[in-house]
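Data block below; observations after.
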Amino acid sequence: MLDKTLRQLLVCPICKGELDYHKKDRELICQTDQLAYPIQDDIPVMLPEEARTINADAT
């Protein structure tokens with residue numbers, strides 16, 4: 001589980017916007033850039049090249 005305080009501090013590395021936490025998928029979602037950043041071993045991987053593109057209807 002990702003710490004709530006850490007989640008509040010993290011922003012999208014591209015647009016610096018807010019991220020939505022999707023616990024089930026273990027991802028942080030940037031709605032603006034339509035990217036999902038994975039969380040591996042409770043560590044967010046905030047590298048744009050590691051993010052997957054999402055469909056706006058999927059979130």
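By order of appearance in the structure tokens: chains A, B, ..., then residues from 1 within every chain, and ligands from 1 in the order shown.
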
Exercise for review: Report as a ChimeraX atom specification: the residues of chain A with a DSSP assignment of strand (DSSP E or B), based on the backbone of this structure.
Suggested key: /A:20-22,27-30,35-40,43-44,52-53

Would you export the selected residues with C-alpha atoms as an mmCIF file, in the first residue's frame, please?
```
data_model
loop_
_atom_site.group_PDB
_atom_site.id
_atom_site.type_symbol
_atom_site.label_atom_id
_atom_site.label_comp_id
_atom_site.auth_asym_id
_atom_site.auth_seq_id
_atom_site.Cartn_x
_atom_site.Cartn_y
_atom_site.Cartn_z
ATOM 1 C CA ASP A 20 -5.075 9.759 -8.977
ATOM 2 C CA TYR A 21 -4.229 6.603 -7.040
ATOM 3 C CA HIS A 22 -5.705 3.373 -8.384
ATOM 4 C CA GLU A 27 -0.874 2.826 -10.571
ATOM 5 C CA LEU A 28 -0.816 6.598 -10.289
ATOM 6 C CA ILE A 29 -2.859 8.177 -13.069
ATOM 7 C CA CYS A 30 -2.328 11.586 -14.676
ATOM 8 C CA LEU A 35 -0.483 8.276 -18.409
ATOM 9 C CA ALA A 36 -0.403 5.569 -15.748
ATOM 10 C CA TYR A 37 2.725 5.328 -13.615
ATOM 11 C CA PRO A 38 3.259 1.865 -12.100
ATOM 12 C CA ILE A 39 3.864 1.186 -8.416
ATOM 13 C CA GLN A 40 6.352 -1.645 -7.922
ATOM 14 C CA ILE A 43 7.639 2.420 -4.887
ATOM 15 C CA PRO A 44 6.126 4.685 -7.554
ATOM 16 C CA ARG A 52 1.704 3.420 -20.026
ATOM 17 C CA THR A 53 -0.749 5.425 -22.113
#
```

Check your understanding: Got a sec to tell me which of chain A DSSP assigns to alpha helix (DSSP H), as a list in words?
Key -> Lys4, Thr5, Leu6, Arg7, Gln8 and Leu9 of chain A
